[in-house]
>>> print(open('coords-v2.csv').read())   # CSV, C-alpha atoms and all ligand atoms
chain,number,residue,atom,x,y,z
Q,60,MET,CA,95.6,82.1,129.5
Q,61,LYS,CA,95.8,85.7,128.3
Q,62,LYS,CA,94.5,86.6,124.8
Q,63,ARG,CA,97.2,87.7,122.5
Q,64,VAL,CA,97.6,90.9,120.5
Q,65,LEU,CA,100.0,91.3,117.5
Q,66,SER,CA,100.6,94.4,115.3
Q,67,GLY,CA,103.2,95.9,113.2
Q,68,ILE,CA,104.1,98.8,111.0
Q,69,ARG,CA,106.3,98.8,107.9
Q,70,ALA,CA,109.7,100.4,108.2
Q,71,THR,CA,109.1,102.7,105.3
Q,72,GLY,CA,109.8,106.0,107.1
Q,73,ARG,CA,108.9,107.9,110.2
Q,74,LEU,CA,105.5,107.5,111.8
Q,75,HIS,CA,102.7,110.0,110.9
Q,76,LEU,CA,99.5,111.0,112.7
Q,77,GLY,CA,97.5,108.4,110.8
Q,78,ASN,CA,99.7,105.6,112.0
Q,79,TYR,CA,99.6,107.0,115.5
Q,80,LEU,CA,95.8,107.4,115.7
Q,81,GLY,CA,94.8,104.3,113.7
Q,82,ALA,CA,97.4,101.8,115.0
Q,83,VAL,CA,99.7,103.0,117.8
Q,84,LYS,CA,96.9,104.3,120.0
Q,85,GLY,CA,95.2,101.0,119.9
Q,86,MET,CA,98.4,99.2,120.6
Q,87,ILE,CA,98.9,101.3,123.7
Q,88,GLU,CA,95.3,100.8,124.9
Q,89,LEU,CA,95.6,97.0,124.7
Q,90,GLN,CA,99.1,97.0,126.3
Q,91,ASN,CA,97.6,98.7,129.3
Q,92,ASN,CA,94.8,96.2,129.6
Q,93,SER,CA,96.0,93.2,131.7
Q,94,GLU,CA,93.7,90.8,129.9
Q,95,TYR,CA,96.1,90.8,126.9
Q,96,GLU,CA,99.6,89.8,126.1
Q,97,CYS,CA,100.9,92.2,123.4
Q,98,LEU,CA,103.6,91.7,120.7
Q,99,TYR,CA,104.4,94.6,118.5
Q,100,MET,CA,106.9,94.4,115.7
Q,101,VAL,CA,108.6,96.4,113.0
Q,102,ALA,CA,107.4,94.8,109.7
Q,103,ASP,CA,110.8,95.2,108.0
Q,104,ALA,CA,110.3,92.2,105.7
Q,105,HIS,CA,107.1,93.7,104.4
Q,106,THR,CA,109.1,96.9,103.6
Q,107,ILE,CA,110.9,95.1,100.8
Q,108,THR,CA,107.7,94.3,98.9
Q,109,THR,CA,108.0,97.8,97.4
Q,110,PRO,CA,111.1,99.6,96.1
Q,111,TYR,CA,113.4,100.6,99.0
Q,112,ASN,CA,116.9,101.5,100.0
Q,113,PRO,CA,118.8,99.0,102.1
Q,114,GLN,CA,120.7,101.7,104.1
Q,115,GLU,CA,117.4,103.5,104.9
Q,116,LEU,CA,115.7,100.2,105.9
Q,117,LYS,CA,118.5,99.5,108.4
Q,118,THR,CA,118.0,102.9,110.0
Q,119,ASN,CA,114.3,102.8,109.9
Q,120,GLN,CA,114.1,99.4,111.7
Q,121,LYS,CA,115.4,101.0,114.8
Q,122,GLU,CA,113.7,104.4,114.2
Q,123,ILE,CA,110.3,102.7,114.4
Q,124,ILE,CA,111.2,101.0,117.6
Q,125,ILE,CA,112.2,104.4,119.0
Q,126,ASP,CA,108.9,105.9,117.8
Q,127,TYR,CA,107.1,103.0,119.5
Q,128,LEU,CA,108.9,103.6,122.8
Q,129,ALA,CA,108.4,107.4,122.6
Q,130,ALA,CA,104.7,107.0,121.9
Q,131,GLY,CA,104.2,104.9,125.0
Q,132,LEU,CA,104.9,101.3,124.2
Q,133,ASN,CA,106.5,99.8,127.2
Q,134,PRO,CA,108.9,96.9,126.9
Q,135,GLU,CA,108.1,95.9,130.5
Q,136,LYS,CA,104.5,95.2,129.3
Q,137,SER,CA,104.8,94.5,125.6
Q,138,THR,CA,107.2,92.4,123.5
Q,139,LEU,CA,108.8,94.7,120.9
Q,140,PHE,CA,110.7,93.1,118.1
Q,141,ILE,CA,111.9,93.1,114.5
Q,142,GLN,CA,110.0,90.8,112.2
Q,143,SER,CA,113.0,89.6,110.1
Q,144,GLN,CA,114.7,88.3,113.3
Q,145,ILE,CA,112.1,85.7,113.7
Q,146,SER,CA,112.5,83.3,110.8
Q,147,GLU,CA,109.4,81.3,111.8
Q,148,HIS,CA,107.2,84.0,110.2
Q,149,PHE,CA,108.7,83.2,106.8
Q,150,GLU,CA,108.5,79.4,107.3
Q,151,LEU,CA,104.9,79.6,108.3
Q,152,ALA,CA,104.1,81.9,105.4
Q,153,TYR,CA,105.5,79.3,103.0
Q,154,TYR,CA,103.3,76.6,104.5
Q,155,PHE,CA,100.3,78.9,104.4
Q,156,SER,CA,101.0,79.6,100.7
Q,157,SER,CA,100.1,76.0,99.9
Q,158,ILE,CA,96.4,76.6,100.8
Q,159,VAL,CA,96.0,80.1,99.3
Q,160,SER,CA,95.0,80.6,95.6
Q,161,ILE,CA,96.9,83.1,93.4
Q,162,ALA,CA,93.5,84.5,92.2
Q,163,ARG,CA,92.5,85.4,95.8
Q,164,MET,CA,95.7,87.4,96.2
Q,165,GLN,CA,95.5,89.1,92.8
Q,166,HIS,CA,92.0,90.4,93.6
Q,167,LEU,CA,92.9,92.2,96.8
Q,168,PRO,CA,92.5,96.0,96.5
Q,169,THR,CA,95.7,96.5,98.4
Q,170,TYR,CA,97.6,94.4,95.9
Q,171,LYS,CA,96.0,96.2,92.9
Q,172,GLU,CA,96.9,99.6,94.3
Q,173,LYS,CA,100.5,98.8,94.9
Q,174,VAL,CA,100.9,97.3,91.4
Q,175,LYS,CA,99.4,100.5,90.0
Q,176,GLN,CA,101.8,102.6,92.1
Q,177,TYR,CA,104.9,100.5,91.2
Q,178,PRO,CA,104.1,98.7,87.8
Q,179,LYS,CA,107.7,97.5,87.5
Q,180,ASN,CA,107.6,95.9,90.9
Q,181,ASN,CA,104.8,93.3,90.5
Q,182,THR,CA,106.7,90.6,92.4
Q,183,MET,CA,106.0,87.3,94.2
Q,184,ALA,CA,106.8,89.1,97.5
Q,185,LEU,CA,104.1,91.7,96.8
Q,186,LEU,CA,101.6,89.0,95.9
Q,187,ASN,CA,102.5,87.1,99.0
Q,188,TYR,CA,102.2,90.2,101.3
Q,189,PRO,CA,98.9,89.1,102.9
Q,190,VAL,CA,100.1,85.6,103.5
Q,191,LEU,CA,103.2,86.8,105.4
Q,192,MET,CA,100.9,89.1,107.3
Q,193,ALA,CA,98.7,86.2,108.2
Q,194,ALA,CA,101.8,84.3,109.4
Q,195,ASP,CA,102.9,87.3,111.5
Q,196,ILE,CA,99.6,87.2,113.3
Q,197,LEU,CA,98.9,83.4,113.5
Q,198,VAL,CA,102.4,82.4,114.5
Q,199,TYR,CA,101.5,83.9,117.9
Q,200,LYS,CA,97.9,82.7,117.7
Q,201,ALA,CA,96.9,86.4,118.2
Q,202,ASN,CA,93.2,87.2,118.7
Q,203,LEU,CA,93.3,90.9,118.2
Q,204,VAL,CA,95.1,93.2,115.8
Q,205,PRO,CA,95.2,96.9,116.4
Q,206,VAL,CA,95.5,98.4,112.9
Q,207,GLY,CA,93.7,101.1,110.8
Q,208,ILE,CA,90.6,100.2,108.7
Q,209,ASP,CA,92.7,100.0,105.5
Q,210,GLN,CA,94.1,96.7,106.8
Q,211,GLU,CA,90.7,95.0,107.0
Q,212,PRO,CA,91.1,93.1,103.7
Q,213,HIS,CA,94.3,91.6,105.1
Q,214,LEU,CA,92.6,90.5,108.2
Q,215,GLU,CA,89.9,88.8,106.2
Q,216,VAL,CA,92.6,86.8,104.4
Q,217,THR,CA,94.1,85.9,107.8
Q,218,ARG,CA,90.8,84.6,109.0
Q,219,GLU,CA,90.3,82.5,105.8
Q,220,ILE,CA,93.8,81.0,106.2
Q,221,ALA,CA,93.1,80.2,109.9
Q,222,ARG,CA,89.8,78.5,109.0
Q,223,LYS,CA,91.3,76.5,106.1
Q,224,MET,CA,94.3,75.4,108.1
Q,225,ASN,CA,92.1,74.3,110.9
Q,226,GLN,CA,89.7,72.4,108.6
Q,227,THR,CA,92.5,70.8,106.5
Q,228,TYR,CA,95.1,70.0,109.1
Q,229,GLY,CA,93.3,70.2,112.5
Q,230,THR,CA,95.4,73.1,113.8
Q,231,ASN,CA,93.8,75.5,116.4
Q,232,PHE,CA,94.4,78.9,114.9
Q,233,PRO,CA,92.0,81.7,116.2
Q,234,GLU,CA,90.2,83.9,113.7
Q,235,PRO,CA,91.7,87.3,114.6
Q,236,LYS,CA,89.7,90.5,114.7
Q,237,ARG,CA,90.8,94.1,114.1
Q,238,PHE,CA,90.9,96.3,117.2
Q,239,SER,CA,89.7,99.7,116.0
Q,240,THR,CA,90.3,103.2,117.4
Q,241,PRO,CA,88.2,106.4,116.9
Q,242,GLY,CA,91.0,107.4,114.4
Q,243,GLU,CA,90.8,104.3,112.3
Q,244,TYR,CA,90.8,106.3,109.1
Q,245,ILE,CA,92.5,109.7,109.0
Q,246,PRO,CA,92.0,111.4,105.7
Q,247,SER,CA,94.8,113.2,103.8
Q,248,LEU,CA,95.4,116.8,104.6
Q,249,LYS,CA,94.9,117.4,100.8
Q,250,GLY,CA,91.2,116.7,101.1
Q,251,GLU,CA,91.3,113.4,99.1
Q,252,GLY,CA,92.3,109.9,100.0
Q,253,LYS,CA,94.0,108.8,103.3
Q,254,MET,CA,96.9,110.3,105.2
Q,255,SER,CA,99.8,108.3,103.9
Q,256,LYS,CA,103.6,108.3,103.9
Q,257,SER,CA,103.7,107.8,100.2
Q,258,VAL,CA,101.7,111.0,99.5
Q,259,GLU,CA,103.7,114.2,100.1
Q,260,GLY,CA,101.7,116.9,101.8
Q,261,SER,CA,99.1,114.4,103.1
Q,262,TYR,CA,100.5,113.9,106.5
Q,263,ILE,CA,101.7,115.3,109.8
Q,264,ASN,CA,104.8,113.6,111.2
Q,265,LEU,CA,105.0,112.8,114.9
Q,266,THR,CA,108.2,114.8,115.0
Q,267,ASP,CA,106.8,118.0,113.3
Q,268,SER,CA,107.3,121.3,115.1
Q,269,ILE,CA,104.4,123.6,116.0
Q,270,ASP,CA,105.2,125.7,113.0
Q,271,GLU,CA,105.1,122.8,110.6
Q,272,ILE,CA,101.9,121.5,112.1
Q,273,ARG,CA,100.3,125.0,111.8
Q,274,LYS,CA,101.4,125.2,108.2
Q,275,LYS,CA,100.1,121.8,107.3
Q,276,ILE,CA,96.7,122.3,109.1
Q,277,LYS,CA,96.4,125.7,107.3
Q,278,SER,CA,96.9,123.8,104.0
Q,279,ILE,CA,93.7,121.7,104.5
Q,280,PRO,CA,91.4,123.0,101.7
Q,281,THR,CA,88.4,124.7,103.2
Q,282,ALA,CA,85.8,127.1,101.7
Q,283,THR,CA,86.0,130.7,102.6
Q,284,ILE,CA,82.5,130.8,104.0
Q,285,SER,CA,81.1,128.3,106.4
Q,286,GLY,CA,77.7,126.5,106.5
Q,287,GLY,CA,76.2,123.7,104.4
Q,288,PRO,CA,77.1,120.0,104.4
Q,289,ILE,CA,80.4,119.0,106.0
Q,290,THR,CA,82.6,117.4,103.2
Q,291,GLY,CA,86.2,117.3,101.9
Q,292,GLY,CA,88.8,119.3,103.8
Q,293,VAL,CA,86.2,120.7,106.2
Q,294,LYS,CA,85.2,117.1,107.2
Q,295,THR,CA,88.9,116.3,107.8
Q,296,LEU,CA,89.3,119.4,109.9
Q,297,PHE,CA,86.2,118.5,112.0
Q,298,LEU,CA,87.4,114.9,112.4
Q,299,LEU,CA,90.8,116.2,113.8
Q,300,ALA,CA,88.9,118.7,116.0
Q,301,LYS,CA,86.8,115.9,117.4
Q,302,LEU,CA,89.9,113.7,118.1
Q,303,PHE,CA,92.0,116.4,119.6
Q,304,LEU,CA,89.8,119.3,121.1
Q,305,LYS,CA,87.8,119.3,124.2
Q,306,GLU,CA,84.2,118.3,123.4
Q,307,SER,CA,82.9,121.8,124.3
Q,308,ASP,CA,85.3,123.5,121.9
Q,309,TYR,CA,84.5,121.1,119.2
Q,310,GLN,CA,80.8,121.8,119.7
Q,311,LYS,CA,81.3,125.5,119.7
Q,312,PHE,CA,83.2,125.4,116.3
Q,313,LYS,CA,80.5,123.1,114.9
Q,314,ASP,CA,77.7,125.4,116.0
Q,315,GLU,CA,79.5,128.4,114.5
Q,316,TYR,CA,80.0,126.5,111.2
Q,317,HIS,CA,76.3,125.7,111.0
Q,318,GLN,CA,75.4,129.3,111.8
Q,319,GLY,CA,77.7,130.4,109.0
Q,320,ILE,CA,80.0,132.4,111.3
Q,321,LEU,CA,83.0,130.1,111.7
Q,322,LYS,CA,86.3,131.6,110.8
Q,323,PHE,CA,88.4,128.7,109.6
Q,324,VAL,CA,91.6,130.2,110.9
Q,325,ASN,CA,90.3,129.9,114.4
Q,326,ILE,CA,89.5,126.2,114.3
Q,327,LYS,CA,92.7,125.5,112.3
Q,328,ASN,CA,94.8,127.3,115.0
Q,329,ALA,CA,93.1,125.4,117.8
Q,330,VAL,CA,93.5,122.0,116.1
Q,331,ALA,CA,97.2,122.7,115.3
Q,332,GLU,CA,97.9,123.7,118.9
Q,333,ALA,CA,96.0,120.7,120.3
Q,334,ILE,CA,97.9,118.2,118.0
Q,335,TYR,CA,101.2,119.7,119.1
Q,336,GLN,CA,100.3,119.5,122.8
Q,337,GLU,CA,99.8,115.7,122.3
Q,338,LEU,CA,102.9,115.2,120.3
Q,339,LYS,CA,105.3,117.4,122.4
Q,340,PRO,CA,105.8,114.9,125.2
Q,341,ILE,CA,106.3,112.1,122.6
Q,342,GLN,CA,109.0,114.3,120.9
Q,343,GLU,CA,110.7,115.0,124.1
Q,344,LYS,CA,110.8,111.3,125.1
Q,345,ARG,CA,112.0,110.4,121.6
Q,346,SER,CA,115.1,112.6,121.8
Q,347,GLN,CA,116.1,111.0,125.1
Q,348,ILE,CA,115.6,107.4,123.9
Q,349,ALA,CA,117.4,108.1,120.6
Q,350,GLN,CA,120.6,108.9,122.5
Q,351,ASN,CA,120.5,105.6,124.3
Q,352,LYS,CA,121.3,103.1,121.5
Q,353,ASP,CA,122.2,100.3,124.0
Q,354,TYR,CA,118.8,100.5,125.6
Q,355,VAL,CA,117.1,100.2,122.2
Q,356,GLU,CA,119.3,97.2,121.3
Q,357,LYS,CA,118.4,95.5,124.6
Q,358,VAL,CA,114.7,96.0,124.1
Q,359,VAL,CA,114.9,94.4,120.6
Q,360,LYS,CA,117.1,91.5,121.8
Q,361,ASN,CA,114.7,90.6,124.7
Q,362,GLY,CA,111.7,91.0,122.4
Q,363,ALA,CA,113.2,88.6,119.8
Q,364,GLU,CA,113.8,86.0,122.5
Q,365,ARG,CA,110.2,86.1,123.8
Q,366,ALA,CA,108.8,86.2,120.2
Q,367,LYS,CA,110.9,83.2,119.1
Q,368,THR,CA,109.8,81.1,122.1
Q,369,ILE,CA,106.1,81.4,121.1
Q,370,ALA,CA,106.7,81.2,117.3
Q,371,SER,CA,108.9,78.1,117.4
Q,372,GLN,CA,106.2,76.3,119.4
Q,373,THR,CA,103.6,77.1,116.8
Q,374,LEU,CA,105.9,75.9,114.0
Q,375,LYS,CA,106.4,72.6,115.8
Q,376,GLU,CA,102.7,72.0,116.0
Q,377,VAL,CA,102.1,73.0,112.3
Q,378,LYS,CA,104.9,70.8,111.0
Q,379,GLU,CA,103.5,67.8,112.9
Q,380,LYS,CA,100.0,68.4,111.7
Q,381,MET,CA,101.2,68.9,108.1
Q,382,GLY,CA,103.3,65.7,108.1
Q,383,LEU,CA,106.6,67.5,108.0
Q,384,ARG,CA,108.0,66.1,111.2
N,401,LIG,P1,101.2,104.3,105.1
N,401,LIG,O1,100.0,104.0,104.4
N,401,LIG,O2,101.4,105.7,105.5
N,401,LIG,O3,102.5,103.7,104.5
N,401,LIG,P2,101.2,101.9,106.8
N,401,LIG,O4,100.6,101.2,105.6
N,401,LIG,O5,102.7,101.7,107.1
N,401,LIG,O6,101.1,103.5,106.5
N,401,LIG,O7,100.3,101.7,108.0
N,401,LIG,C1,100.8,101.4,109.3
N,401,LIG,C2,99.6,101.3,110.3
N,401,LIG,O8,99.0,102.6,110.4
N,401,LIG,C3,98.5,100.4,109.8
N,401,LIG,O9,97.9,99.8,111.0
N,401,LIG,C4,97.5,101.3,109.1
N,401,LIG,O10,96.2,100.8,109.1
N,401,LIG,C5,97.6,102.6,110.0
N,401,LIG,N1,97.3,103.7,109.1
N,401,LIG,C6,98.0,104.2,108.1
N,401,LIG,N2,97.5,105.3,107.6
N,401,LIG,C7,96.4,105.5,108.3
N,401,LIG,C8,95.4,106.5,108.3
N,401,LIG,N3,95.4,107.5,107.4
N,401,LIG,N4,94.4,106.5,109.2
N,401,LIG,C9,94.4,105.5,110.1
N,401,LIG,N5,95.3,104.6,110.2
N,401,LIG,C10,96.3,104.5,109.3
N,402,LIG,N1,100.3,95.5,106.6
N,402,LIG,C1,100.6,96.4,107.7
N,402,LIG,C2,100.6,97.8,107.2
N,402,LIG,O1,100.8,98.1,106.1
N,402,LIG,C3,101.9,96.0,108.4
N,402,LIG,C4,101.8,94.7,109.0
N,402,LIG,C5,102.6,93.6,108.6
N,402,LIG,C6,101.0,94.2,110.0
N,402,LIG,N2,102.3,92.5,109.3
N,402,LIG,C7,101.4,92.8,110.2
N,402,LIG,C8,100.0,94.8,110.8
N,402,LIG,C9,100.7,92.0,111.2
N,402,LIG,C10,99.4,94.0,111.8
N,402,LIG,C11,99.8,92.6,112.0
N,402,LIG,O2,100.6,98.7,108.0
>>> encode(input="coords-v2.csv", output="C-alpha cells")
Amino acid sequence: MKKRVLSGIRATGRLHLGNYLGAVKGMIELQNNSEYECLYMVADAHTITTPYNPQELKTNQKEIIIDYLAAGLNPEKSTLFIQSQISEHFELAYYFSSIVSIARMQHLPTYKEKVKQYPKNNTMALLNYPVLMAADILVYKANLVPVGIDQEPHLEVTREIARKMNQTYGTNFPEPKRFSTPGEYIPSLKGEGKMSKSVEGSYINLTDSIDEIRKKIKSIPTATISGGPITGGVKTLFLLAKLFLKESDYQKFKDEYHQGILKFVNIKNAVAEAIYQELKPIQEKRSQIAQNKDYVEKVVKNGAERAKTIASQTLKEVKEKMGLR
C-alpha cells in the first residue's frame, strides 16, 4: 500500500511566497512521487479559530483551491478537498480530545502567540486547534505532512496523540513526520520574524506583479555598504537569492558582498526578476482556472468523495476500539 500524505492551508487569504516555498512546493514534490497517495485540503474550519468574516471565508475556500491548482497540484494525482465537508475530522477530534490534557495545549507556543494577538478570542476552538489538526492528519493515517517549520509543534502533538491512542485503545495510527523543503522558513521582508499573512509588508503574494515584487524586495532593510556577517535583511535577501537564482549568480553576489563591492540594488533586481519568472506561469494558469467555476466545483466534489471513503473507514475502526459501536 502507498504511504499517505496530508496537508492543508488555512483559508485566511491569498497564498504568499512563504506558503508556496514552505508548504506548496513540498506538496507538489510528493504528488509527483508515485510512492505516495496525497490528500490536500483547505483548512477552512481552522480559519474560524481566529476572528474572520463569513463572506470572505466562503470566497477564500475556493480561492485556495484555485491557488493550489495554479501552483501545480493536479486533481488527477492528488485528492483536493475542503476540510469542513468531511465531518469525520470533527468527530475524530472530539474522540482525541478525551486523551489530551488542557495544560499540554495551553503551553504550545502557537496557542500563546494567537492569544497574544487576539486576547478577546481565547476560545475552546483555538485551544483545540492542534487536536483538530491531528485528526485531519490521522483520519487518513498519513505518514508525511508537507508544512513549514512553524508547524513542527503541532506535528509533535499529532505524534503524541497517535502514540497514546495506540497504547490506550490498540489503534494503528502512524506517527507522522514533517516533509521539509529548502524554503521551510521564509523570513519577513521587514527583517524580523517570519513572512506571514497577518503582518502587512512582510510578504509577497503569488499574484503580485513584477512592479509590486520589485518594490517589496527593495523594501528589505539592507545596509548601504556590504561586507561583514550576513544578518537581518541581508540574510533574507541571500536566502531568497539562494532559492531563486542560478547557483553561479548567487555565488557571484556573495563573493561581491564579502569583498565589500556588492551594490544591493543589483542583487535586489535580480531576485525580484527571478521570483517573478517563477510566479508568472502560476499567475497565467490561475486566471484561466478562475474563469472555470464548474471545473473547480467538480474537483472539490470528487475530492470530498475520495476523502470521505478513507475517513469513514478510520472512524469505524476508532469507534469500535473505543467501545462506541
Ligand atoms: P500564515 O502564517 O501566513 O497565516 P499559514 O499559517 O496559513 O500562514 O501557513 C500555511 C502553510 O505555509 C503552513 O504549512 C506553514 O508552515 C507555511 N508557511 C507559512 N509561513 C511560512 C514562512 N514564512 N516560511 C515557510 N513556510 C511558511
Ligand atoms: N495549521 C496549519 C497552518 O497553519 C493548517 C493545517 C490545518 C494543517 N490542518 C492541517 C496543515 C493538517 C497540515 C496538516 O498552516
>>> closest_residue(input="coords-v2.csv", among="Q:Gln336, Q:Pro246, Q:Val293, Q:Met183", to="Ser268 (chain Q)", atoms="all atoms listed in the file")
Q:Gln336
>>> closest_atom_pairs(input="coords-v2.csv", of="chain Q", to="ligand LIG 402 (chain N)", cutoff="9 Å", atoms="only C-alpha atoms and all ligand atoms", output="tab-separated table")
residue	atom	partner	partner_atom	distance
Q:Val64	CA	N:LIG402	C11	8.9
Q:Leu65	CA	N:LIG402	C11	5.7
Q:Ser66	CA	N:LIG402	C10	3.7
Q:Gly67	CA	N:LIG402	C8	4.1
Q:Ile68	CA	N:LIG402	C3	4.4
Q:Arg69	CA	N:LIG402	C3	5.2
Q:Ala70	CA	N:LIG402	C3	9.0
Q:Asn78	CA	N:LIG402	O2	8.0
Q:Ala82	CA	N:LIG402	O2	8.3
Q:Tyr99	CA	N:LIG402	C11	8.2
Q:Met100	CA	N:LIG402	C7	7.9
Q:Val101	CA	N:LIG402	C5	7.9
Q:Ala102	CA	N:LIG402	C5	5.1
Q:Asp103	CA	N:LIG402	C5	8.4
Q:Ala104	CA	N:LIG402	C5	8.3
Q:His105	CA	N:LIG402	C5	6.2
Q:Thr106	CA	N:LIG402	C3	8.7
Q:Gln142	CA	N:LIG402	N2	8.4
Q:Tyr188	CA	N:LIG402	N1	7.7
Q:Pro189	CA	N:LIG402	N1	7.5
Q:Leu191	CA	N:LIG402	N2	7.0
Q:Met192	CA	N:LIG402	N2	4.2
Q:Ala193	CA	N:LIG402	C9	6.8
Q:Ala194	CA	N:LIG402	C9	8.0
Q:Asp195	CA	N:LIG402	C9	5.2
Q:Ile196	CA	N:LIG402	C9	5.4
Q:Val204	CA	N:LIG402	C10	5.9
Q:Pro205	CA	N:LIG402	C10	6.9
Q:Val206	CA	N:LIG402	C10	6.0
Q:Gly207	CA	N:LIG402	O2	7.8
Q:Asp209	CA	N:LIG402	O1	8.3
Q:Gln210	CA	N:LIG402	N1	6.3
Q:His213	CA	N:LIG402	N1	7.3
Q:Leu214	CA	N:LIG402	C11	8.4
Q:Arg237	CA	N:LIG402	C10	8.9
>>> closest_residue(input="coords-v2.csv", among="Q:Lys357, Q:Lys61, Q:Lys256, Q:Lys121", to="ligand LIG 401 (chain N)", atoms="all atoms listed in the file")
Q:Lys256
>>> closest_residue(input="coords-v2.csv", among="Q:Ile369, Q:Ile341, Q:Ala282, Q:Leu116", to="Gly131 (chain Q)", atoms="only C-alpha atoms")
Q:Ile341
>>> closest_residue(input="coords-v2.csv", among="Q:Tyr262, Q:Phe297, Q:Ile141, Q:Val159", to="Gln310 (chain Q)", atoms="all atoms listed in the file")
Q:Phe297
>>> closest_residue(input="coords-v2.csv", among="Q:Met381, Q:Val258, Q:Val359, Q:Val198", to="ligand LIG 401 (chain N)", atoms="all atoms listed in the file")
Q:Val258
>>> decode(input="coords-v2.csv", residues="region 60-105 of chain Q", atoms="C-alpha atoms", output="tab-separated table (two decimals), in the first residue's frame")
chain	number	residue	atom	x	y	z
Q	60	MET	CA	0.00	0.00	0.00
Q	61	LYS	CA	1.16	3.54	-0.77
Q	62	LYS	CA	2.20	5.86	2.04
Q	63	ARG	CA	-0.18	8.72	2.60
Q	64	VAL	CA	0.47	12.45	2.61
Q	65	LEU	CA	-1.89	15.06	4.06
Q	66	SER	CA	-1.53	18.81	4.21
Q	67	GLY	CA	-3.65	21.92	4.37
Q	68	ILE	CA	-3.58	25.67	4.47
Q	69	ARG	CA	-5.99	27.90	6.36
Q	70	ALA	CA	-8.37	29.94	4.22
Q	71	THR	CA	-7.37	33.26	5.73
Q	72	GLY	CA	-6.45	34.99	2.48
Q	73	ARG	CA	-4.40	34.53	-0.61
Q	74	LEU	CA	-1.22	32.47	-0.65
Q	75	HIS	CA	2.14	34.16	-0.21
Q	76	LEU	CA	5.67	33.18	-1.08
Q	77	GLY	CA	6.25	31.62	2.38
Q	78	ASN	CA	3.24	29.31	1.94
Q	79	TYR	CA	4.43	28.42	-1.55
Q	80	LEU	CA	8.04	27.66	-0.61
Q	81	GLY	CA	7.39	26.07	2.80
Q	82	ALA	CA	4.25	24.07	2.05
Q	83	VAL	CA	3.02	24.01	-1.56
Q	84	LYS	CA	6.40	23.12	-3.10
Q	85	GLY	CA	6.63	20.10	-0.81
Q	86	MET	CA	3.04	19.17	-1.67
Q	87	ILE	CA	3.90	19.21	-5.37
Q	88	GLU	CA	7.10	17.22	-4.91
Q	89	LEU	CA	5.28	14.44	-3.06
Q	90	GLN	CA	2.37	14.46	-5.51
Q	91	ASN	CA	4.85	13.74	-8.28
Q	92	ASN	CA	6.39	10.80	-6.42
Q	93	SER	CA	4.42	7.64	-7.18
Q	94	GLU	CA	5.25	6.14	-3.76
Q	95	TYR	CA	2.69	8.42	-2.14
Q	96	GLU	CA	-1.04	8.98	-2.15
Q	97	CYS	CA	-1.59	12.67	-1.49
Q	98	LEU	CA	-4.57	14.47	0.05
Q	99	TYR	CA	-4.51	18.26	0.23
Q	100	MET	CA	-7.23	20.32	1.84
Q	101	VAL	CA	-8.33	23.85	2.55
Q	102	ALA	CA	-8.36	24.08	6.35
Q	103	ASP	CA	-11.49	26.23	6.49
Q	104	ALA	CA	-12.55	25.00	9.93
Q	105	HIS	CA	-9.17	26.09	11.30
